[in-house]
>>> print(open('query.txt').read())   # compact mmCIF, C-alpha atoms
# COMPACT_ATOMS: atom_id res chain seq x y z
CA ALA D 27 -25.51 -6.86 -156.34
CA VAL D 28 -23.73 -4.35 -154.16
CA LEU D 29 -26.45 -1.77 -154.77
CA MET D 30 -29.23 -4.06 -153.57
CA GLU D 31 -27.14 -5.43 -150.67
CA GLY D 32 -26.48 -1.90 -149.45
CA ILE D 33 -30.12 -0.88 -149.37
CA GLN D 34 -30.96 -2.33 -145.94
CA ALA D 35 -28.42 -0.21 -144.08
CA ALA D 36 -28.89 3.01 -146.02
CA PHE D 37 -32.62 3.19 -146.45
CA LEU D 38 -33.36 4.06 -142.82
CA CYS D 39 -33.65 7.86 -142.99
CA LYS D 40 -36.49 10.46 -143.09
CA ALA D 41 -39.37 10.78 -145.54
CA ALA D 42 -42.82 10.24 -147.19
CA THR D 43 -46.21 11.76 -148.01
CA ARG D 44 -49.54 10.28 -148.84
CA HIS D 45 -50.19 10.28 -152.60
CA GLN D 46 -52.68 13.01 -153.46
CA THR D 47 -54.56 13.42 -156.72
CA THR D 48 -55.58 17.04 -156.15
CA PRO D 49 -53.81 19.91 -154.41
CA HIS D 50 -56.92 20.51 -152.28
CA ASN D 51 -56.47 17.32 -150.27
CA LYS D 52 -54.81 17.79 -146.92
CA MET D 53 -51.39 16.17 -146.41
CA LEU D 54 -50.17 14.32 -143.37
CA PHE D 55 -46.74 15.32 -142.11
CA ALA D 56 -44.58 13.58 -139.53
CA THR D 57 -42.82 16.33 -137.62
CA LYS D 58 -39.54 15.90 -135.81
CA THR D 59 -41.33 16.38 -132.48
CA ASP D 60 -43.91 13.68 -133.19
CA SER D 61 -41.90 10.73 -131.92
CA ALA D 62 -44.64 8.16 -132.56
CA ALA D 63 -44.96 9.22 -136.19
CA VAL D 64 -41.19 9.16 -136.66
CA VAL D 65 -40.98 5.64 -135.25
CA LYS D 66 -43.81 4.50 -137.49
CA LYS D 67 -42.12 6.08 -140.52
CA GLU D 68 -38.83 4.33 -139.77
CA GLU D 69 -40.59 0.99 -139.34
CA THR D 70 -42.48 1.42 -142.60
CA LYS D 71 -39.36 2.47 -144.47
CA LYS D 72 -37.48 -0.53 -143.12
CA ALA D 73 -40.29 -2.80 -144.32
CA LEU D 74 -40.05 -1.29 -147.80
CA VAL D 75 -36.29 -1.84 -147.87
CA GLU D 76 -36.66 -5.47 -146.88
CA LEU D 77 -39.27 -6.09 -149.57
CA ILE D 78 -37.17 -4.49 -152.32
CA PHE D 79 -34.23 -6.55 -151.11
CA GLN D 80 -36.30 -9.66 -151.88
CA THR D 81 -36.98 -8.74 -155.52
CA PRO D 82 -35.35 -11.08 -158.03
CA GLY D 83 -32.76 -9.96 -160.55
CA ASN D 84 -33.21 -10.68 -164.26
CA ALA D 85 -36.94 -11.33 -163.74
CA PRO D 86 -40.22 -9.52 -163.03
CA THR D 87 -41.19 -9.16 -159.39
CA PRO D 88 -43.90 -11.74 -158.52
CA SER D 89 -47.43 -10.34 -158.24
CA SER D 90 -47.70 -11.06 -154.51
CA LEU D 91 -44.43 -9.26 -153.75
CA THR D 92 -45.37 -6.38 -156.07
CA ASN D 93 -48.64 -5.91 -154.20
CA GLN D 94 -46.83 -5.97 -150.85
CA ILE D 95 -44.39 -3.30 -152.01
CA LEU D 96 -47.16 -1.07 -153.34
CA LYS D 97 -49.08 -1.39 -150.08
CA VAL D 98 -46.04 -0.32 -148.05
CA VAL D 99 -45.45 2.54 -150.50
CA ARG D 100 -48.99 3.81 -149.83
CA ASP D 101 -48.41 3.50 -146.08
CA LEU D 102 -45.07 5.33 -146.26
CA GLU D 103 -46.62 8.18 -148.23
CA ASN D 104 -48.58 9.02 -145.07
CA TYR D 105 -45.45 10.30 -143.35
CA CYS D 106 -43.14 13.08 -144.49
CA PRO D 107 -40.90 15.68 -142.85
CA THR D 108 -40.64 17.49 -146.19
CA SER D 109 -43.10 20.32 -146.83
CA ASP D 110 -44.45 21.10 -150.30
CA ASP D 111 -42.13 24.05 -150.88
CA GLU D 112 -39.06 21.96 -149.98
CA VAL D 113 -39.76 19.11 -152.41
CA LEU D 114 -38.50 20.75 -155.61
CA PRO D 115 -35.13 21.86 -154.16
CA LYS D 116 -34.55 18.34 -152.85
CA LEU D 117 -35.14 16.80 -156.29
CA GLY D 118 -31.87 18.20 -157.64
CA GLY D 119 -28.97 15.81 -158.21
CA ASN D 120 -28.49 12.22 -159.37
CA TRP D 121 -30.86 9.36 -158.60
CA GLU D 122 -30.84 5.64 -159.39
CA LEU D 123 -34.00 3.68 -160.11
CA LEU D 124 -34.44 0.85 -157.61
CA TRP D 125 -37.88 -0.50 -158.51
CA THR D 126 -40.93 0.43 -160.56
CA ALA D 127 -44.45 -0.85 -161.22
CA GLN D 128 -47.87 0.17 -162.42
CA ASP D 129 -50.25 0.77 -159.52
CA ASN D 130 -53.59 -0.57 -160.74
CA GLN D 131 -55.32 0.83 -157.66
CA SER D 132 -54.27 4.42 -158.30
CA LEU D 133 -56.85 6.90 -159.55
CA GLU D 134 -54.55 7.83 -162.42
CA TRP D 135 -54.58 4.28 -163.74
CA GLN D 136 -58.29 3.73 -163.23
CA SER D 137 -59.31 7.03 -164.83
CA GLY D 138 -56.99 6.95 -167.85
CA PRO D 139 -59.09 6.15 -170.95
CA PHE D 140 -55.99 5.64 -173.10
CA ARG D 141 -53.95 3.73 -170.52
CA THR D 142 -53.56 0.64 -172.74
CA TRP D 143 -51.52 2.68 -175.24
CA ILE D 144 -48.21 3.51 -173.66
CA ASN D 145 -45.17 5.18 -175.15
CA PRO D 146 -42.07 3.27 -173.91
CA LEU D 147 -40.16 6.55 -173.63
CA GLU D 148 -42.42 7.70 -170.84
CA ASN D 149 -40.98 5.35 -168.25
CA GLN D 150 -39.95 1.81 -167.50
CA ALA D 151 -43.15 1.01 -165.60
CA TYR D 152 -45.22 1.71 -168.71
CA SER D 153 -43.04 -0.27 -171.07
CA ASN D 154 -42.91 -3.24 -168.73
CA ASN D 155 -46.59 -3.14 -167.79
CA PRO D 156 -48.41 -1.90 -170.89
CA TYR D 157 -51.73 -3.35 -169.76
CA GLY D 158 -51.37 -2.69 -166.07
CA SER D 159 -50.17 -6.18 -165.16
CA SER D 160 -49.66 -6.72 -161.45
CA THR D 161 -45.89 -7.23 -161.48
CA GLY D 162 -43.12 -4.71 -160.94
CA ARG D 163 -39.43 -4.80 -161.74
CA THR D 164 -36.11 -3.95 -160.15
CA ASP D 165 -34.11 -3.83 -163.40
CA ALA D 166 -36.64 -2.29 -165.78
CA VAL D 167 -35.39 -0.79 -169.03
CA LEU D 168 -36.95 -2.45 -172.10
CA PRO D 169 -40.50 -3.50 -173.01
CA ARG D 170 -41.25 -6.57 -170.93
CA GLU D 171 -41.45 -9.21 -173.68
CA ILE D 172 -38.16 -8.05 -175.22
CA GLN D 173 -36.29 -7.82 -171.92
CA ASP D 174 -37.50 -11.23 -170.71
CA ARG D 175 -36.47 -12.83 -173.99
CA LEU D 176 -33.01 -11.24 -174.08
CA GLU D 177 -32.38 -12.29 -170.50
CA SER D 178 -33.52 -15.87 -171.12
CA LEU D 179 -31.08 -16.07 -174.04
CA GLY D 180 -28.24 -14.70 -171.90
CA ILE D 181 -27.83 -11.67 -174.17
CA LEU D 182 -28.86 -9.19 -171.50
CA LYS D 183 -27.78 -9.46 -167.89
CA THR D 184 -29.03 -6.83 -165.49
CA ARG D 185 -27.80 -8.28 -162.20
CA GLY D 186 -24.35 -9.62 -161.43
CA THR D 187 -23.22 -12.25 -158.97
CA GLU D 188 -22.98 -11.65 -155.22
CA LYS D 189 -19.52 -10.15 -155.70
CA GLN D 190 -20.45 -8.02 -158.69
CA ASP D 191 -22.24 -4.74 -158.97
CA SER D 192 -25.39 -4.45 -161.04
CA LEU D 193 -24.77 -4.77 -164.77
CA LEU D 194 -27.51 -2.24 -165.46
CA ARG D 195 -27.76 1.35 -164.34
CA SER D 196 -30.87 3.47 -164.66
CA VAL D 197 -29.83 6.94 -163.51
CA GLN D 198 -31.77 10.18 -163.47
CA SER D 199 -30.01 13.54 -163.29
CA VAL D 200 -32.20 16.49 -162.23
CA ASP D 201 -30.82 19.91 -163.21
CA LEU D 202 -32.88 22.47 -161.29
CA LYS D 203 -31.08 25.49 -162.74
CA ASN D 204 -31.97 24.61 -166.34
CA SER D 205 -35.22 22.75 -165.59
CA LYS D 206 -33.92 19.64 -167.30
CA VAL D 207 -33.93 15.94 -166.51
CA ARG D 208 -31.72 13.36 -168.19
CA ASN D 209 -32.55 9.67 -167.83
CA VAL D 210 -29.61 7.40 -168.65
CA VAL D 211 -29.84 3.61 -168.89
CA THR D 212 -26.60 1.66 -169.34
CA LEU D 213 -26.62 -2.02 -170.32
CA GLN D 214 -23.78 -4.51 -170.35
CA LEU D 215 -23.70 -6.26 -173.72
CA PRO D 216 -21.87 -9.52 -174.55
CA GLY D 217 -18.13 -8.92 -174.35
CA ASP D 218 -16.91 -5.58 -173.04
CA ASN D 219 -19.35 -3.36 -174.91
CA LYS D 220 -22.01 -1.27 -173.28
CA ALA D 221 -25.16 0.34 -174.68
CA SER D 222 -26.49 3.59 -173.28
CA ILE D 223 -29.89 5.20 -173.82
CA PHE D 224 -30.26 8.89 -172.98
CA VAL D 225 -33.68 10.53 -172.70
CA ASP D 226 -33.79 14.31 -172.19
CA VAL D 227 -36.84 15.82 -170.53
CA GLY D 228 -37.84 19.41 -169.84
CA PHE D 229 -39.92 20.21 -166.77
CA ARG D 230 -41.66 23.08 -165.06
CA PRO D 231 -43.17 23.24 -161.56
CA ASP D 232 -46.92 22.84 -161.39
CA GLN D 233 -48.56 26.05 -160.20
CA SER D 234 -51.24 24.32 -158.13
CA ASP D 235 -49.24 21.49 -156.53
CA GLY D 236 -45.75 22.01 -155.09
CA ARG D 237 -44.97 18.31 -155.25
CA ARG D 238 -45.68 17.98 -158.96
CA VAL D 239 -43.71 18.90 -162.08
CA ASN D 240 -45.06 18.90 -165.62
CA VAL D 241 -42.75 17.22 -168.13
CA LYS D 242 -42.11 17.19 -171.89
CA PHE D 243 -39.82 14.58 -173.47
CA GLN D 244 -37.41 16.34 -175.84
CA ALA D 245 -34.86 13.90 -177.29
CA CYS D 246 -33.61 10.33 -177.22
CA ARG D 247 -30.02 9.22 -177.89
CA ILE D 248 -28.68 5.67 -178.37
CA LYS D 249 -24.95 4.97 -178.06
CA VAL D 250 -23.03 1.66 -178.19
CA SER D 251 -19.42 1.64 -177.06
CA GLY D 252 -16.90 0.10 -179.43
CA SER D 253 -19.15 0.76 -182.41
CA PRO D 254 -20.12 3.67 -184.68
CA ILE D 255 -23.64 3.68 -183.26
CA ASP D 256 -24.37 7.06 -181.71
CA VAL D 257 -27.70 8.44 -182.85
CA THR D 258 -29.89 11.21 -181.45
CA PHE D 259 -33.60 11.49 -182.21
CA PRO D 260 -35.16 14.90 -181.51
CA LEU D 261 -38.74 14.30 -180.41
CA GLY D 262 -40.24 17.73 -181.08
CA ILE D 263 -44.02 17.76 -181.13
CA ILE D 264 -44.25 13.96 -180.83
CA GLY D 265 -42.47 13.97 -177.47
CA PRO D 266 -44.76 12.67 -174.71
CA THR D 267 -46.02 15.07 -172.06
CA GLY D 268 -47.27 14.38 -168.56
CA TRP D 269 -46.49 14.98 -164.92
CA LEU D 270 -44.57 13.44 -162.05
CA ARG D 271 -45.51 13.87 -158.40
CA THR D 272 -43.13 13.18 -155.51
CA GLY D 273 -45.02 12.05 -152.43
CA TYR D 274 -41.94 11.02 -150.46
CA ILE D 275 -38.42 12.40 -150.47
CA ASP D 276 -35.61 12.53 -147.93
CA GLU D 277 -31.82 12.45 -147.90
CA ASN D 278 -31.48 9.18 -149.80
CA ILE D 279 -34.86 7.91 -151.00
CA ARG D 280 -37.62 9.18 -153.25
CA ILE D 281 -41.04 7.85 -154.24
CA THR D 282 -42.54 9.46 -157.34
CA ARG D 283 -45.77 8.71 -159.20
CA GLY D 284 -46.56 9.34 -162.84
CA HIS D 285 -49.68 10.60 -164.56
CA LYS D 286 -50.63 7.12 -165.80
CA GLY D 287 -50.38 5.35 -162.46
CA SER D 288 -46.72 4.33 -162.40
CA VAL D 289 -44.67 4.22 -159.20
CA PHE D 290 -40.91 4.80 -159.04
CA ILE D 291 -38.68 4.13 -156.04
CA LEU D 292 -35.27 5.82 -156.41
CA CYS D 293 -32.19 6.38 -154.27
CA ARG D 294 -29.46 8.99 -154.33
CA SER D 295 -26.70 7.72 -156.61
CA GLY D 296 -24.01 5.91 -154.64
CA SER D 297 -25.68 6.42 -151.25
CA PHE D 298 -26.23 2.74 -150.55
CA ARG D 299 -22.81 1.63 -151.75
CA GLN D 300 -21.18 4.27 -149.55
CA ASP D 301 -23.14 3.18 -146.50
CA LYS D 302 -22.40 -0.46 -147.23
CA SER D 303 -18.66 0.20 -147.33
CA LYS D 304 -18.82 1.67 -143.83
CA ASN D 305 -20.30 -1.52 -142.34
>>> encode(input="query.txt", output="structure tokens")
Amino acid sequence: AVLMEGIQAAFLCKAATRHQTTPHNKMLFATKTDSAAVVKKEETKKALVELIFQTPGNAPTPSSLTNQILKVVRDLENYCPTSDDEVLPKLGGNWELLWTAQDNQSLEWQSGPFRTWINPLENQAYSNNPYGSSTGRTDAVLPREIQDRLESLGILKTRGTEKQDSLLRSVQSVDLKNSKVRNVVTLQLPGDNKASIFVDVGFRPDQSDGRRVNVKFQACRIKVSGSPIDVTFPLGIIGPTGWLRTGYIDENIRITRGHKGSVFILCRSGSFRQDKSKN
């Protein structure tokens, strides 16, 4: 896919912080004048890009590769030119999900007494790894058993050929002015039809941690092109709540962790395709 092919050239930028579970822990920052730290950050980021580039389409990421990616994520979170008070402003805009997994070694996962019960609305990592299995996914959107089955039957295709773009898009739009997030997943169905799932989320900055936002899921909408299906489900009091913490963010890449131990790697929408076209 063009998106995945463009990652290697575009990923080399600035970023990362070590994942913290409390605001009292000290953070490690790579400053622009610390040349050794900058070099190390670039090397670590390049390693992450290369690993994500190896992930298979239309299949879970093998356990060994998942563990390698998570290890590099932890290493990359040790370096960041972005201070706490700059994280929230940088979150604004459109992002695409590149890869996600459940980090079984995170404190959030290990300390969650109800971690085996996961609401699929909360995120793709939960719905694909409901029991904390040690595999991640590049094209995560549906509960694992359902997605694997649909792909094996040829009903769902999330990755195109070498000359095609991805057939799935998982995009997140962050509206800072209205404190809203919209997650949109678009699937290519048999024929020319597409199905889109919209999940609207409200957020507010955490008062004790500048890298964290507290979230409340508000509504879910399902729409299928070429059909009368267009239904919105207000979630109200049953909407999941939680938090998301961004340990790494720069001009084109973001690493965010969830309150149940999930890890998300995202890129600015279109950034990799634009860089690819310049090469």
>>> residues_around(input="query.txt", residues="Pro254 (chain D)", least_positions_apart="5", cutoff="12 Å", atoms="only C-alpha atoms", output="list in words")
Ala221, Ile248 and Lys249 of chain D
>>> residues_around(input="query.txt", residues="Leu96 (chain D)", least_positions_apart="5", cutoff="10 Å", atoms="all atoms listed in the file", output="MDAnalysis selection string")
chainID D and resid 74 91 101:102 126:131 162 289
>>> atom_distance(input="query.txt", atom1="CA of Val239 (chain D)", atom2="CA of Asn93 (chain D)")
26.5 Å
>>> axis_aligned_box(input="query.txt", around="region 59-74 of chain D", padding_each_side="4 Å", output="AutoDock Vina command-line options")
--center_x -41.2 --center_y 6.8 --center_z -139.9 --size_x 15.5 --size_y 27.2 --size_z 23.9
>>> atom_distance(input="query.txt", atom1="CA of Ser61 (chain D)", atom2="CA of Asn278 (chain D)")
20.8 Å
>>> build_atoms(input="query.txt", residues="region 117-133 of chain D", atoms="N, CA, C and O atoms", output="PDB file, in the frame of the given file")
ATOM      1  N   LEU D 117     -35.175  17.681-155.118  1.00  0.00           N
ATOM      2  CA  LEU D 117     -35.140  16.800-156.290  1.00  0.00           C
ATOM      3  C   LEU D 117     -33.810  16.888-157.030  1.00  0.00           C
ATOM      4  O   LEU D 117     -33.435  15.959-157.755  1.00  0.00           O
ATOM      5  N   GLY D 118     -33.102  17.999-156.890  1.00  0.00           N
ATOM      6  CA  GLY D 118     -31.870  18.200-157.640  1.00  0.00           C
ATOM      7  C   GLY D 118     -30.811  17.163-157.337  1.00  0.00           C
ATOM      8  O   GLY D 118     -30.688  16.684-156.214  1.00  0.00           O
ATOM      9  N   GLY D 119     -30.050  16.762-158.383  1.00  0.00           N
ATOM     10  CA  GLY D 119     -28.970  15.810-158.210  1.00  0.00           C
ATOM     11  C   GLY D 119     -29.194  14.532-158.989  1.00  0.00           C
ATOM     12  O   GLY D 119     -30.040  14.480-159.897  1.00  0.00           O
ATOM     13  N   ASN D 120     -28.435  13.497-158.655  1.00  0.00           N
ATOM     14  CA  ASN D 120     -28.490  12.220-159.370  1.00  0.00           C
ATOM     15  C   ASN D 120     -29.205  11.157-158.552  1.00  0.00           C
ATOM     16  O   ASN D 120     -28.937  10.993-157.354  1.00  0.00           O
ATOM     17  N   TRP D 121     -30.067  10.422-159.229  1.00  0.00           N
ATOM     18  CA  TRP D 121     -30.860   9.360-158.600  1.00  0.00           C
ATOM     19  C   TRP D 121     -30.727   8.078-159.408  1.00  0.00           C
ATOM     20  O   TRP D 121     -30.576   8.119-160.619  1.00  0.00           O
ATOM     21  N   GLU D 122     -30.830   6.937-158.718  1.00  0.00           N
ATOM     22  CA  GLU D 122     -30.840   5.640-159.390  1.00  0.00           C
ATOM     23  C   GLU D 122     -32.191   4.964-159.160  1.00  0.00           C
ATOM     24  O   GLU D 122     -32.715   4.964-158.042  1.00  0.00           O
ATOM     25  N   LEU D 123     -32.733   4.384-160.217  1.00  0.00           N
ATOM     26  CA  LEU D 123     -34.000   3.680-160.110  1.00  0.00           C
ATOM     27  C   LEU D 123     -33.791   2.333-159.428  1.00  0.00           C
ATOM     28  O   LEU D 123     -32.985   1.524-159.873  1.00  0.00           O
ATOM     29  N   LEU D 124     -34.519   2.112-158.335  1.00  0.00           N
ATOM     30  CA  LEU D 124     -34.440   0.850-157.610  1.00  0.00           C
ATOM     31  C   LEU D 124     -35.526  -0.126-158.041  1.00  0.00           C
ATOM     32  O   LEU D 124     -35.281  -1.322-158.203  1.00  0.00           O
ATOM     33  N   TRP D 125     -36.744   0.389-158.226  1.00  0.00           N
ATOM     34  CA  TRP D 125     -37.880  -0.500-158.510  1.00  0.00           C
ATOM     35  C   TRP D 125     -39.005   0.336-159.093  1.00  0.00           C
ATOM     36  O   TRP D 125     -39.142   1.508-158.786  1.00  0.00           O
ATOM     37  N   THR D 126     -39.803  -0.277-159.946  1.00  0.00           N
ATOM     38  CA  THR D 126     -40.930   0.430-160.560  1.00  0.00           C
ATOM     39  C   THR D 126     -42.051  -0.547-160.868  1.00  0.00           C
ATOM     40  O   THR D 126     -41.830  -1.750-161.044  1.00  0.00           O
ATOM     41  N   ALA D 127     -43.268  -0.030-160.900  1.00  0.00           N
ATOM     42  CA  ALA D 127     -44.450  -0.850-161.220  1.00  0.00           C
ATOM     43  C   ALA D 127     -45.594   0.068-161.592  1.00  0.00           C
ATOM     44  O   ALA D 127     -45.552   1.283-161.367  1.00  0.00           O
ATOM     45  N   GLN D 128     -46.620  -0.525-162.154  1.00  0.00           N
ATOM     46  CA  GLN D 128     -47.870   0.170-162.420  1.00  0.00           C
ATOM     47  C   GLN D 128     -48.810  -0.110-161.256  1.00  0.00           C
ATOM     48  O   GLN D 128     -49.011  -1.274-160.888  1.00  0.00           O
ATOM     49  N   ASP D 129     -49.329   0.932-160.638  1.00  0.00           N
ATOM     50  CA  ASP D 129     -50.250   0.770-159.520  1.00  0.00           C
ATOM     51  C   ASP D 129     -51.683   0.756-160.044  1.00  0.00           C
ATOM     52  O   ASP D 129     -52.279   1.794-160.297  1.00  0.00           O
ATOM     53  N   ASN D 130     -52.243  -0.443-160.178  1.00  0.00           N
ATOM     54  CA  ASN D 130     -53.590  -0.570-160.740  1.00  0.00           C
ATOM     55  C   ASN D 130     -54.664   0.034-159.845  1.00  0.00           C
ATOM     56  O   ASN D 130     -55.786   0.277-160.298  1.00  0.00           O
ATOM     57  N   GLN D 131     -54.334   0.272-158.586  1.00  0.00           N
ATOM     58  CA  GLN D 131     -55.320   0.830-157.660  1.00  0.00           C
ATOM     59  C   GLN D 131     -55.292   2.352-157.620  1.00  0.00           C
ATOM     60  O   GLN D 131     -56.115   2.963-156.950  1.00  0.00           O
ATOM     61  N   SER D 132     -54.350   2.960-158.312  1.00  0.00           N
ATOM     62  CA  SER D 132     -54.270   4.420-158.300  1.00  0.00           C
ATOM     63  C   SER D 132     -55.383   5.019-159.154  1.00  0.00           C
ATOM     64  O   SER D 132     -55.851   4.420-160.123  1.00  0.00           O
ATOM     65  N   LEU D 133     -55.802   6.215-158.789  1.00  0.00           N
ATOM     66  CA  LEU D 133     -56.850   6.900-159.550  1.00  0.00           C
ATOM     67  C   LEU D 133     -56.377   7.224-160.958  1.00  0.00           C
ATOM     68  O   LEU D 133     -57.163   7.226-161.902  1.00  0.00           O
TER      69      LEU D 133
END
